[in-house]
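Enquirer: Coordinates in upload-v1.pdb, PDB, C-alpha atoms and all ligand atoms, are listed below.
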```pdb
ATOM      1  CA  MET A   1      81.706 110.560  92.017
ATOM      2  CA  LYS A   2      82.023 108.042  89.139
ATOM      3  CA  LYS A   3      84.739 105.555  90.039
ATOM      4  CA  GLN A   4      87.553 104.641  87.642
ATOM      5  CA  LYS A   5      87.131 101.003  86.622
ATOM      6  CA  ILE A   6      90.405  99.101  86.353
ATOM      7  CA  ILE A   7      91.618  95.559  85.778
ATOM      8  CA  ILE A   8      95.036  94.915  87.321
ATOM      9  CA  ASP A   9      97.089  92.227  85.553
ATOM     10  CA  THR A  10      99.481  91.089  88.221
ATOM     11  CA  ASP A  11     102.185  88.669  89.401
ATOM     12  CA  PRO A  12     101.833  89.141  93.187
ATOM     13  CA  GLY A  13     104.549  89.684  94.358
ATOM     14  CA  ILE A  14     105.273  92.127  97.120
ATOM     15  CA  ASP A  15     105.014  95.468  95.327
ATOM     16  CA  ASP A  16     102.004  94.086  93.451
ATOM     17  CA  ALA A  17     100.333  93.425  96.822
ATOM     18  CA  MET A  18     101.216  96.948  97.956
ATOM     19  CA  ALA A  19      99.654  98.354  94.759
ATOM     20  CA  ILE A  20      96.517  96.195  95.007
ATOM     21  CA  HIS A  21      95.821  97.080  98.650
ATOM     22  CA  MET A  22      96.380 100.743  97.784
ATOM     23  CA  ALA A  23      93.889 100.474  94.903
ATOM     24  CA  PHE A  24      91.368  98.702  97.148
ATOM     25  CA  ALA A  25      91.564 101.643  99.572
ATOM     26  CA  ASP A  26      91.240 104.386  96.930
ATOM     27  CA  PRO A  27      87.607 105.616  96.892
ATOM     28  CA  ARG A  28      88.074 106.817  93.298
ATOM     29  CA  ILE A  29      88.840 103.322  91.975
ATOM     30  CA  GLU A  30      86.692 100.267  91.313
ATOM     31  CA  VAL A  31      88.978  97.266  90.833
ATOM     32  CA  VAL A  32      86.751  95.165  88.571
ATOM     33  CA  GLY A  33      89.106  92.210  88.497
ATOM     34  CA  LEU A  34      92.591  90.862  88.937
ATOM     35  CA  THR A  35      94.121  88.814  86.122
ATOM     36  CA  THR A  36      97.189  86.810  87.006
ATOM     37  CA  ILE A  37     100.451  86.139  85.234
ATOM     38  CA  PHE A  38     103.745  84.352  85.833
ATOM     39  CA  GLY A  39     106.716  86.535  86.747
ATOM     40  CA  ASN A  40     107.608  87.120  90.395
ATOM     41  CA  VAL A  41     106.058  83.719  91.123
ATOM     42  CA  ASN A  42     104.435  81.043  88.936
ATOM     43  CA  VAL A  43     100.892  81.689  87.748
ATOM     44  CA  GLU A  44      99.340  79.216  90.212
ATOM     45  CA  GLN A  45     100.956  81.094  93.112
ATOM     46  CA  ALA A  46      99.999  84.443  91.549
ATOM     47  CA  THR A  47      96.364  83.322  91.305
ATOM     48  CA  ARG A  48      96.295  82.035  94.868
ATOM     49  CA  ASN A  49      97.884  85.272  96.102
ATOM     50  CA  ALA A  50      95.408  87.428  94.176
ATOM     51  CA  LEU A  51      92.481  85.515  95.694
ATOM     52  CA  PHE A  52      94.070  85.924  99.138
ATOM     53  CA  LEU A  53      94.466  89.709  98.758
ATOM     54  CA  SER A  54      90.815  90.062  97.703
ATOM     55  CA  GLU A  55      89.615  88.066 100.738
ATOM     56  CA  GLN A  56      92.078  89.768 103.098
ATOM     57  CA  ALA A  57      90.589  93.163 102.142
ATOM     58  CA  ALA A  58      86.975  91.914 101.992
ATOM     59  CA  TYR A  59      87.014  93.275  98.436
ATOM     60  CA  PRO A  60      85.048  90.735  96.327
ATOM     61  CA  LEU A  61      86.159  90.701  92.719
ATOM     62  CA  ASP A  62      86.921  88.382  89.816
ATOM     63  CA  VAL A  63      90.331  86.710  89.710
ATOM     64  CA  ALA A  64      91.094  85.200  86.303
ATOM     65  CA  LYS A  65      94.133  82.985  85.879
ATOM     66  CA  GLY A  66      96.478  83.854  83.035
ATOM     67  CA  ALA A  67      99.423  82.521  81.100
ATOM     68  CA  SER A  68     101.983  80.239  82.698
ATOM     69  CA  LYS A  69     104.790  81.069  80.239
ATOM     70  CA  PRO A  70     105.896  83.682  77.707
ATOM     71  CA  LEU A  71     104.638  83.766  74.094
ATOM     72  CA  VAL A  72     107.893  82.680  72.491
ATOM     73  CA  GLN A  73     110.988  82.597  74.685
ATOM     74  CA  THR A  74     111.952  79.961  77.244
ATOM     75  CA  PRO A  75     110.568  81.012  80.657
ATOM     76  CA  ASN A  76     112.938  82.717  83.076
ATOM     77  CA  GLU A  77     112.961  81.549  86.682
ATOM     78  CA  PRO A  78     110.468  83.352  88.990
ATOM     79  CA  SER A  79     112.161  86.089  91.022
ATOM     80  CA  TYR A  80     111.716  84.279  94.346
ATOM     81  CA  TYR A  81     114.918  85.956  95.566
ATOM     82  CA  VAL A  82     113.081  89.305  95.399
ATOM     83  CA  HIS A  83     109.552  88.335  96.466
ATOM     84  CA  GLY A  84     109.967  85.140  98.491
ATOM     85  CA  ASP A  85     109.216  81.483  97.786
ATOM     86  CA  GLU A  86     105.436  82.057  97.889
ATOM     87  CA  GLY A  87     105.446  85.682  96.682
ATOM     88  CA  PHE A  88     104.866  87.360 100.067
ATOM     89  CA  GLY A  89     108.382  87.433 101.490
ATOM     90  CA  ASP A  90     108.891  85.049 104.383
ATOM     91  CA  LEU A  91     105.169  84.281 104.700
ATOM     92  CA  PRO A  92     104.046  80.709 103.985
ATOM     93  CA  ALA A  93     101.624  79.827 101.195
ATOM     94  CA  GLN A  94      98.195  81.358 101.859
ATOM     95  CA  ASN A  95      94.981  79.346 101.486
ATOM     96  CA  PRO A  96      92.190  81.504 100.098
ATOM     97  CA  LYS A  97      88.669  80.075  99.997
ATOM     98  CA  GLY A  98      87.790  81.415  96.560
ATOM     99  CA  THR A  99      88.538  79.979  93.139
ATOM    100  CA  ALA A 100      89.535  81.568  89.859
ATOM    101  CA  HIS A 101      87.040  82.807  87.277
ATOM    102  CA  ALA A 102      85.871  80.352  84.608
ATOM    103  CA  LEU A 103      87.473  82.434  81.844
ATOM    104  CA  ASP A 104      91.235  82.649  81.437
ATOM    105  CA  ALA A 105      92.814  86.087  81.850
ATOM    106  CA  ALA A 106      92.805  87.034  78.165
ATOM    107  CA  ASP A 107      89.166  86.066  77.611
ATOM    108  CA  TYR A 108      88.180  87.756  80.889
ATOM    109  CA  ILE A 109      89.830  90.982  79.709
ATOM    110  CA  ILE A 110      88.109  90.765  76.306
ATOM    111  CA  GLU A 111      84.651  89.908  77.682
ATOM    112  CA  THR A 112      84.754  92.470  80.497
ATOM    113  CA  CYS A 113      86.143  95.347  78.420
ATOM    114  CA  ARG A 114      83.578  94.695  75.662
ATOM    115  CA  ALA A 115      80.764  94.552  78.231
ATOM    116  CA  HIS A 116      81.887  97.947  79.620
ATOM    117  CA  SER A 117      83.193  99.403  76.378
ATOM    118  CA  GLY A 118      85.414 102.448  76.853
ATOM    119  CA  GLU A 119      85.083 102.400  80.648
ATOM    120  CA  ILE A 120      87.877 100.086  81.874
ATOM    121  CA  SER A 121      91.600 100.860  82.062
ATOM    122  CA  LEU A 122      94.058  97.982  82.081
ATOM    123  CA  CYS A 123      96.911  98.199  84.575
ATOM    124  CA  PRO A 124      99.417  95.434  83.854
ATOM    125  CA  VAL A 125     102.146  95.272  86.504
ATOM    126  CA  GLY A 126     103.758  92.002  85.419
ATOM    127  CA  PRO A 127     104.854  90.464  82.107
ATOM    128  CA  LEU A 128     102.497  91.491  79.278
ATOM    129  CA  THR A 129     101.634  88.006  78.006
ATOM    130  CA  ASN A 130      97.920  88.120  78.906
ATOM    131  CA  ILE A 131      97.468  91.520  77.278
ATOM    132  CA  ALA A 132      99.210  90.348  74.095
ATOM    133  CA  ILE A 133      97.112  87.171  73.935
ATOM    134  CA  ALA A 134      93.951  89.255  74.356
ATOM    135  CA  LEU A 135      95.050  91.471  71.429
ATOM    136  CA  GLN A 136      95.839  88.409  69.290
ATOM    137  CA  ARG A 137      92.404  86.893  70.030
ATOM    138  CA  ASP A 138      90.559  90.201  69.573
ATOM    139  CA  PRO A 139      92.463  93.031  67.797
ATOM    140  CA  ASP A 140      89.366  95.238  68.173
ATOM    141  CA  LEU A 141      89.951  95.190  71.938
ATOM    142  CA  VAL A 142      91.872  98.474  71.467
ATOM    143  CA  ASN A 143      88.536 100.169  70.746
ATOM    144  CA  HIS A 144      86.944  98.922  73.985
ATOM    145  CA  VAL A 145      89.741  99.696  76.468
ATOM    146  CA  LYS A 146      89.847 103.196  77.975
ATOM    147  CA  SER A 147      93.639 103.229  78.501
ATOM    148  CA  VAL A 148      96.573 101.028  79.446
ATOM    149  CA  ALA A 149      98.973 101.993  82.259
ATOM    150  CA  ILE A 150     101.938  99.605  82.342
ATOM    151  CA  MET A 151     104.455  99.182  85.111
ATOM    152  CA  GLY A 152     107.376  98.134  82.986
ATOM    153  CA  GLY A 153     110.221  99.161  80.759
ATOM    154  CA  ALA A 154     113.065 101.633  80.990
ATOM    155  CA  GLY A 155     112.898 104.422  78.424
ATOM    156  CA  PHE A 156     116.009 106.500  79.072
ATOM    157  CA  VAL A 157     117.643 104.653  81.985
ATOM    158  CA  PRO A 158     119.270 101.213  82.410
ATOM    159  CA  GLY A 159     117.256  98.080  83.130
ATOM    160  CA  ASN A 160     117.048  96.259  86.472
ATOM    161  CA  VAL A 161     117.579  92.688  85.273
ATOM    162  CA  THR A 162     120.195  93.443  82.628
ATOM    163  CA  ASP A 163     121.723  96.776  81.672
ATOM    164  CA  TYR A 164     118.955  97.029  79.058
ATOM    165  CA  ALA A 165     115.824  95.263  80.352
ATOM    166  CA  GLU A 166     113.314  95.864  83.122
ATOM    167  CA  ALA A 167     111.931  92.627  84.646
ATOM    168  CA  ASN A 168     108.352  92.688  83.305
ATOM    169  CA  ILE A 169     109.504  93.302  79.742
ATOM    170  CA  TRP A 170     112.461  90.904  80.063
ATOM    171  CA  ASN A 171     110.033  88.151  81.071
ATOM    172  CA  ASP A 172     108.135  88.434  77.767
ATOM    173  CA  PRO A 173     109.641  90.870  75.241
ATOM    174  CA  HIS A 174     107.546  89.521  72.339
ATOM    175  CA  ALA A 175     104.340  90.195  74.251
ATOM    176  CA  ALA A 176     105.543  93.660  75.209
ATOM    177  CA  ASP A 177     106.314  94.537  71.575
ATOM    178  CA  ILE A 178     102.779  93.492  70.580
ATOM    179  CA  VAL A 179     101.300  95.683  73.343
ATOM    180  CA  PHE A 180     103.398  98.745  72.443
ATOM    181  CA  GLY A 181     102.640  98.148  68.763
ATOM    182  CA  ALA A 182      98.861  98.191  69.145
ATOM    183  CA  PRO A 183      96.919 101.379  68.240
ATOM    184  CA  TRP A 184      95.880 102.338  71.804
ATOM    185  CA  GLU A 185      96.950 104.777  74.499
ATOM    186  CA  VAL A 186      99.744 103.143  76.513
ATOM    187  CA  VAL A 187     101.265 104.902  79.506
ATOM    188  CA  MET A 188     104.666 103.427  80.322
ATOM    189  CA  ILE A 189     105.477 103.800  84.025
ATOM    190  CA  GLY A 190     108.989 102.427  83.922
ATOM    191  CA  LEU A 191     112.216 102.564  85.862
ATOM    192  CA  ASP A 192     112.708 106.155  84.661
ATOM    193  CA  VAL A 193     110.303 107.149  87.451
ATOM    194  CA  THR A 194     109.646 104.149  89.731
ATOM    195  CA  THR A 195     113.257 103.965  90.926
ATOM    196  CA  GLN A 196     112.855 107.497  92.325
ATOM    197  CA  VAL A 197     109.967 106.508  94.630
ATOM    198  CA  MET A 198     111.303 104.732  97.722
ATOM    199  CA  CYS A 199     109.769 103.836 101.089
ATOM    200  CA  TYR A 200     111.817 103.007 104.181
ATOM    201  CA  PRO A 201     111.306 100.752 107.219
ATOM    202  CA  GLN A 202     109.916 103.652 109.256
ATOM    203  CA  ASP A 203     107.314 104.289 106.532
ATOM    204  CA  TYR A 204     106.088 100.700 106.717
ATOM    205  CA  GLN A 205     106.153 100.752 110.503
ATOM    206  CA  SER A 206     103.883 103.811 110.342
ATOM    207  CA  ILE A 207     101.479 101.876 108.082
ATOM    208  CA  ALA A 208     101.420  99.030 110.611
ATOM    209  CA  ASP A 209     101.028 101.435 113.557
ATOM    210  CA  GLU A 210      98.177 103.386 111.945
ATOM    211  CA  SER A 211      96.362 100.502 110.339
ATOM    212  CA  GLY A 212      95.462  97.014 111.504
ATOM    213  CA  SER A 213      96.023  93.542 110.094
ATOM    214  CA  ILE A 214      96.326  94.713 106.471
ATOM    215  CA  GLY A 215      98.832  97.364 107.543
ATOM    216  CA  SER A 216     100.804  94.782 109.498
ATOM    217  CA  PHE A 217     100.750  92.456 106.477
ATOM    218  CA  ILE A 218     102.150  95.217 104.250
ATOM    219  CA  ASN A 219     104.836  95.953 106.836
ATOM    220  CA  ASP A 220     105.681  92.238 107.132
ATOM    221  CA  ILE A 221     106.084  91.629 103.404
ATOM    222  CA  SER A 222     108.080  94.849 102.971
ATOM    223  CA  GLN A 223     110.904  93.431 105.125
ATOM    224  CA  PHE A 224     111.904  90.718 102.627
ATOM    225  CA  TYR A 225     111.627  93.106  99.653
ATOM    226  CA  ALA A 226     113.689  95.770 101.470
ATOM    227  CA  ARG A 227     116.437  93.251 102.226
ATOM    228  CA  PHE A 228     116.709  92.545  98.497
ATOM    229  CA  TYR A 229     116.953  96.250  97.708
ATOM    230  CA  ALA A 230     119.580  96.680 100.446
ATOM    231  CA  SER A 231     121.775  94.488  98.231
ATOM    232  CA  VAL A 232     121.101  96.817  95.279
ATOM    233  CA  TYR A 233     121.113 100.292  96.853
ATOM    234  CA  GLU A 234     123.179  99.525  99.998
ATOM    235  CA  GLU A 235     120.245 100.917 101.973
ATOM    236  CA  VAL A 236     117.182  99.122 103.382
ATOM    237  CA  LEU A 237     114.294 100.399 101.278
ATOM    238  CA  CYS A 238     111.434  99.403  98.978
ATOM    239  CA  VAL A 239     110.990 100.707  95.446
ATOM    240  CA  LEU A 240     107.307 101.421  94.723
ATOM    241  CA  HIS A 241     107.274 100.078  91.174
ATOM    242  CA  ASP A 242     103.691  98.777  90.907
ATOM    243  CA  PRO A 243     101.941 101.398  93.071
ATOM    244  CA  CYS A 244     103.281 104.060  90.664
ATOM    245  CA  ALA A 245     101.318 102.560  87.749
ATOM    246  CA  ILE A 246      98.049 102.734  89.695
ATOM    247  CA  ILE A 247      98.781 106.321  90.777
ATOM    248  CA  ALA A 248      99.536 107.294  87.159
ATOM    249  CA  LEU A 249      95.944 106.292  86.344
ATOM    250  CA  THR A 250      94.326 108.243  89.191
ATOM    251  CA  ASP A 251      96.760 111.181  89.391
ATOM    252  CA  PRO A 252      98.422 111.534  85.964
ATOM    253  CA  ASP A 253      99.569 115.087  86.710
ATOM    254  CA  LEU A 254     102.026 113.770  89.310
ATOM    255  CA  PHE A 255     104.171 112.562  86.431
ATOM    256  CA  GLU A 256     105.894 114.226  83.452
ATOM    257  CA  TYR A 257     105.750 112.466  80.093
ATOM    258  CA  ARG A 258     107.462 112.166  76.743
ATOM    259  CA  TYR A 259     105.293 111.077  73.803
ATOM    260  CA  VAL A 260     107.153 108.737  71.476
ATOM    261  CA  PRO A 261     106.542 105.309  69.904
ATOM    262  CA  VAL A 262     108.250 102.374  71.632
ATOM    263  CA  ARG A 263     109.602  99.130  70.251
ATOM    264  CA  VAL A 264     110.965  96.189  72.242
ATOM    265  CA  ILE A 265     114.172  94.334  71.424
ATOM    266  CA  CYS A 266     113.307  90.621  71.161
ATOM    267  CA  GLU A 267     116.698  88.982  70.683
ATOM    268  CA  GLY A 268     120.375  89.374  71.406
ATOM    269  CA  PRO A 269     122.139  90.904  74.431
ATOM    270  CA  ALA A 270     119.684  93.818  74.654
ATOM    271  CA  ILE A 271     116.605  91.568  74.726
ATOM    272  CA  GLY A 272     113.790  93.241  76.684
ATOM    273  CA  GLN A 273     114.998  96.788  76.038
ATOM    274  CA  THR A 274     112.174  99.301  75.477
ATOM    275  CA  VAL A 275     113.461 101.635  72.762
ATOM    276  CA  PRO A 276     111.803 105.047  72.274
ATOM    277  CA  ASP A 277     111.939 105.518  68.484
ATOM    278  CA  ALA A 278     110.412 108.626  66.893
ATOM    279  CA  GLN A 279     110.826 107.097  63.411
ATOM    280  CA  LEU A 280     108.483 104.209  64.222
ATOM    281  CA  ALA A 281     105.132 104.084  62.401
ATOM    282  CA  ARG A 282     103.415 103.287  65.696
ATOM    283  CA  THR A 283     101.058 105.096  68.047
ATOM    284  CA  ASN A 284     102.965 107.239  70.553
ATOM    285  CA  ALA A 285     103.505 105.710  73.973
ATOM    286  CA  LYS A 286     103.313 108.130  76.884
ATOM    287  CA  ILE A 287     106.609 107.478  78.699
ATOM    288  CA  ALA A 288     106.828 108.833  82.257
ATOM    289  CA  ILE A 289     110.171 110.640  82.568
ATOM    290  CA  GLY A 290     109.528 112.680  85.706
ATOM    291  CA  VAL A 291     107.612 112.245  88.969
ATOM    292  CA  ASP A 292     106.598 114.337  91.968
ATOM    293  CA  VAL A 293     108.208 111.879  94.385
ATOM    294  CA  GLU A 294     106.955 113.456  97.591
ATOM    295  CA  LYS A 295     103.326 113.636  96.452
ATOM    296  CA  VAL A 296     103.327 110.088  95.030
ATOM    297  CA  LYS A 297     104.891 108.702  98.217
ATOM    298  CA  ALA A 298     102.496 110.664 100.443
ATOM    299  CA  HIS A 299      99.548 109.405  98.397
ATOM    300  CA  TYR A 300     100.763 105.808  98.662
ATOM    301  CA  LEU A 301     101.274 106.034 102.435
ATOM    302  CA  SER A 302      97.960 107.767 103.072
ATOM    303  CA  LEU A 303      95.920 105.140 101.191
ATOM    304  CA  SER A 304      97.966 102.254 102.611
ATOM    305  CA  LYS A 305      97.019 103.396 106.145
ATOM    306  CA  MET A 306      93.329 103.218 105.229
ATOM    307  CA  GLY A 307      93.254  99.545 104.295
ATOM    308  CA  ASP A 308      91.738  98.230 107.502
ATOM    309  CA  ALA A 309      89.245 101.061 107.849
ATOM    310  CA  CYS A 310      88.038 100.370 104.304
ATOM    311  CA  HIS A 311      87.864  96.671 105.129
ATOM    312  CA  ALA A 312      85.688  97.386 108.174
ATOM    313  CA  LYS A 313      83.457  99.711 106.140
ATOM    314  CA  ARG A 314      82.996  97.081 103.436
ATOM    315  CA  GLN A 315      82.206  94.451 106.057
ATOM    316  CA  GLY A 316      79.590  96.783 107.494
ATOM    317  CA  GLN A 317      78.081  97.413 104.040
ATOM    318  CA  GLY A 318      78.155  93.786 102.876
ATOM    319  CA  ALA A 319      79.659  93.300  99.434
ATOM    320  CA  ASP A 320      79.459  96.974  98.392
ATOM    321  CA  LYS A 321      82.968  98.206  97.503
TER     322      LYS A 321
HETATM  323  O1  LIG B 401     110.752  95.644  87.572
HETATM  324  C1  LIG B 401     109.767  95.724  88.571
HETATM  325  C2  LIG B 401     108.562  94.908  88.199
HETATM  326  O2  LIG B 401     108.902  93.531  88.130
HETATM  327  C3  LIG B 401     107.443  94.989  89.246
HETATM  328  O3  LIG B 401     106.201  94.821  88.616
HETATM  329  C4  LIG B 401     107.712  93.814  90.137
HETATM  330  O4  LIG B 401     106.526  93.344  90.801
HETATM  331  C5  LIG B 401     108.174  92.804  89.125
HETATM  332  O5  LIG B 401     107.004  92.214  88.560
HETATM  333 CA    CA B 402     104.616  93.089  89.468
END
```
Could you write out this file's structure as structure tokens?
Ligand code: RIB
Ligand code: CA

Expert:
Amino acid sequence: MKKQKIIIDTDPGIDDAMAIHMAFADPRIEVVGLTTIFGNVNVEQATRNALFLSEQAAYPLDVAKGASKPLVQTPNEPSYYVHGDEGFGDLPAQNPKGTAHALDAADYIIETCRAHSGEISLCPVGPLTNIAIALQRDPDLVNHVKSVAIMGGAGFVPGNVTDYAEANIWNDPHAADIVFGAPWEVVMIGLDVTTQVMCYPQDYQSIADESGSIGSFINDISQFYARFYASVYEEVLCVLHDPCAIIALTDPDLFEYRYVPVRVICEGPAIGQTVPDAQLARTNAKIAIGVDVEKVKAHYLSLSKMGDACHAKRQGQGADK
């Protein structure tokens, strides 16, 4: 079976780590590379964490370091209160052996997508700065990328940082407007659907019980994230924001979509709002407005329990993914 090639642009980050380990375990996916971005943590921490996740899973891949700040606006503070001081909850800073790719994230995306023209989907699950910079450096990139599945935005529901803005868009609205304005297929997996997909302590305990060190790591980092959400939902739970974007690439039929162009508010009190606007002379975005919660959650849990088995298999096969 031909694997789906993806590049995940990420600010790991607890739900990023959950999404990346899930992608590593999915036999239908080849994660070609991770490109890192500021957001949940600073870009140095994001890069270190991405290298750690690759080594933890024995999943060799390129990690290319990205932007340290937004295109235009003054940087917001990293959301350490949601993801922990080092991005993995209460865990201390990790010390991976590897180093980042020679190219920065934007050039890595351009070079890799041109080298495998039409084969690679981009899956940004952090602020969209790297993707926007890649488009600015190479507008023809749109003709070399298979598709773009974004975790970000809020089409027809309130934001999670302000009443209007979801965190990834809020952290770089100018970049997001460039990405939504480009003539390519963008799937927006936003709060309209991600806030319906929740996992609970017993779900993460089952991952730890049925997997090994990777499962225990996922369970460990979920605790900090769930405590944050307990302050939002008055219930201890984790919202599977980033895993949903990966699943939308592999299992698009688990979501329901509305096709409408999107623009991003870049100033004023509504800054970071993703506005569906049928009058816009832009390519339609595919906004997820519905989700089969049970199937998405079951898929996430099933793959997350396979992390250690996949690790052992990769160790047995050498570098083969
Ligand atoms: O709003 C949720 C998004 O912001 C997720 O990608 C999370 O990791 C943070 O980056
Ligand atoms: Ca993220």

Enquirer: When you look at Gln73 in chain A with a cut-off of 9 Å (counting all atoms listed in the file), what residues show up, excluding the ones that are within fewer than 2 positions of it in the same chain? I need them as a VMD selection string.

Expert: chain A and resid 69 to 71 75 to 76 171 to 174

Enquirer: The selected residues should be written to file as an mmCIF file, keeping the file's coordinate frame (atoms: C-alpha atoms).

Expert:
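File written: result.cif
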```
data_model
loop_
_atom_site.group_PDB
_atom_site.id
_atom_site.type_symbol
_atom_site.label_atom_id
_atom_site.label_comp_id
_atom_site.auth_asym_id
_atom_site.auth_seq_id
_atom_site.Cartn_x
_atom_site.Cartn_y
_atom_site.Cartn_z
ATOM 1 C CA LYS A 69 104.790 81.069 80.239
ATOM 2 C CA PRO A 70 105.896 83.682 77.707
ATOM 3 C CA LEU A 71 104.638 83.766 74.094
ATOM 4 C CA PRO A 75 110.568 81.012 80.657
ATOM 5 C CA ASN A 76 112.938 82.717 83.076
ATOM 6 C CA ASN A 171 110.033 88.151 81.071
ATOM 7 C CA ASP A 172 108.135 88.434 77.767
ATOM 8 C CA PRO A 173 109.641 90.870 75.241
ATOM 9 C CA HIS A 174 107.546 89.521 72.339
#
```

Enquirer: Hey, which residues sit close to ligand CA 402 (chain B)? Say within 9 Å, counting only C-alpha atoms and all ligand atoms, and write them as a ChimeraX atom specification.

Expert: /A:9-17,19,39-40,124-127,151-152,167-168,241-242

Enquirer: Evaluating the PyMOL selection byres (((chain A and resi 86) around 12) and not hetatm) on the displayed file yields which residues, as a PyMOL selection string?

Expert: chain A and resi 11-14+40-50+78-85+87-95+221+224

Enquirer: Between A:Ile133, A:Phe217, A:Ala208, A:Glu185, single out the one closest to Phe52 in chain A, counting only C-alpha atoms.

Expert: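 Checking each of A:Ile133, A:Phe217, A:Ala208, A:Glu185 against Phe52 in chain A, counting only C-alpha atoms, the winner is A:Phe217.
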
Enquirer: Could you check how far CA of Leu122 in chain A sits from CA of Asp292 in chain A, in Å to one decimal?

Expert: 22.9 Å

Enquirer: What does the structure give for the distance between CA of Gly153 in chain A and CA of Leu53 in chain A, in Å to one decimal?

Expert: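 Atom-to-atom, CA of Gly153 in chain A and CA of Leu53 in chain A are spaced 25.7 Å apart.
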
Enquirer: When the PyMOL selection byres (((chain A and resi 31) around 8) and not hetatm) is applied to the structure above, which residues does it catch, written out as a ChimeraX atom specification?

Expert: /A:5-8,23-24,29-30,32-34,61

Enquirer: Please determine, counting all atoms listed in the file, which residue among A:Gly159, A:Met306, A:Gly181, A:Asp220 has the shortest atom-to-atom distance to Leu280 in chain A.

Expert: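 Under the stated criterion, the closest residue is A:Gly181.
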
Enquirer: Tell me, as a tab-separated table (two decimals) with C-alpha atoms, in the frame of the given file, which residues lie within 6 Å of range 187-200 of chain A, counting only C-alpha atoms; anything in the same chain fewer than 4 positions away does not count.

Expert:
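Final output, out_22.tsv:
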```tsv
chain	number	residue	atom	x	y	z
A	149	ALA	CA	98.97	101.99	82.26
A	150	ILE	CA	101.94	99.60	82.34
A	151	MET	CA	104.46	99.18	85.11
A	152	GLY	CA	107.38	98.13	82.99
A	153	GLY	CA	110.22	99.16	80.76
A	154	ALA	CA	113.06	101.63	80.99
A	157	VAL	CA	117.64	104.65	81.98
A	237	LEU	CA	114.29	100.40	101.28
A	238	CYS	CA	111.43	99.40	98.98
A	239	VAL	CA	110.99	100.71	95.45
A	240	LEU	CA	107.31	101.42	94.72
A	241	HIS	CA	107.27	100.08	91.17
A	245	ALA	CA	101.32	102.56	87.75
A	286	LYS	CA	103.31	108.13	76.88
A	287	ILE	CA	106.61	107.48	78.70
A	288	ALA	CA	106.83	108.83	82.26
A	289	ILE	CA	110.17	110.64	82.57
A	290	GLY	CA	109.53	112.68	85.71
A	291	VAL	CA	107.61	112.24	88.97
A	293	VAL	CA	108.21	111.88	94.38
```
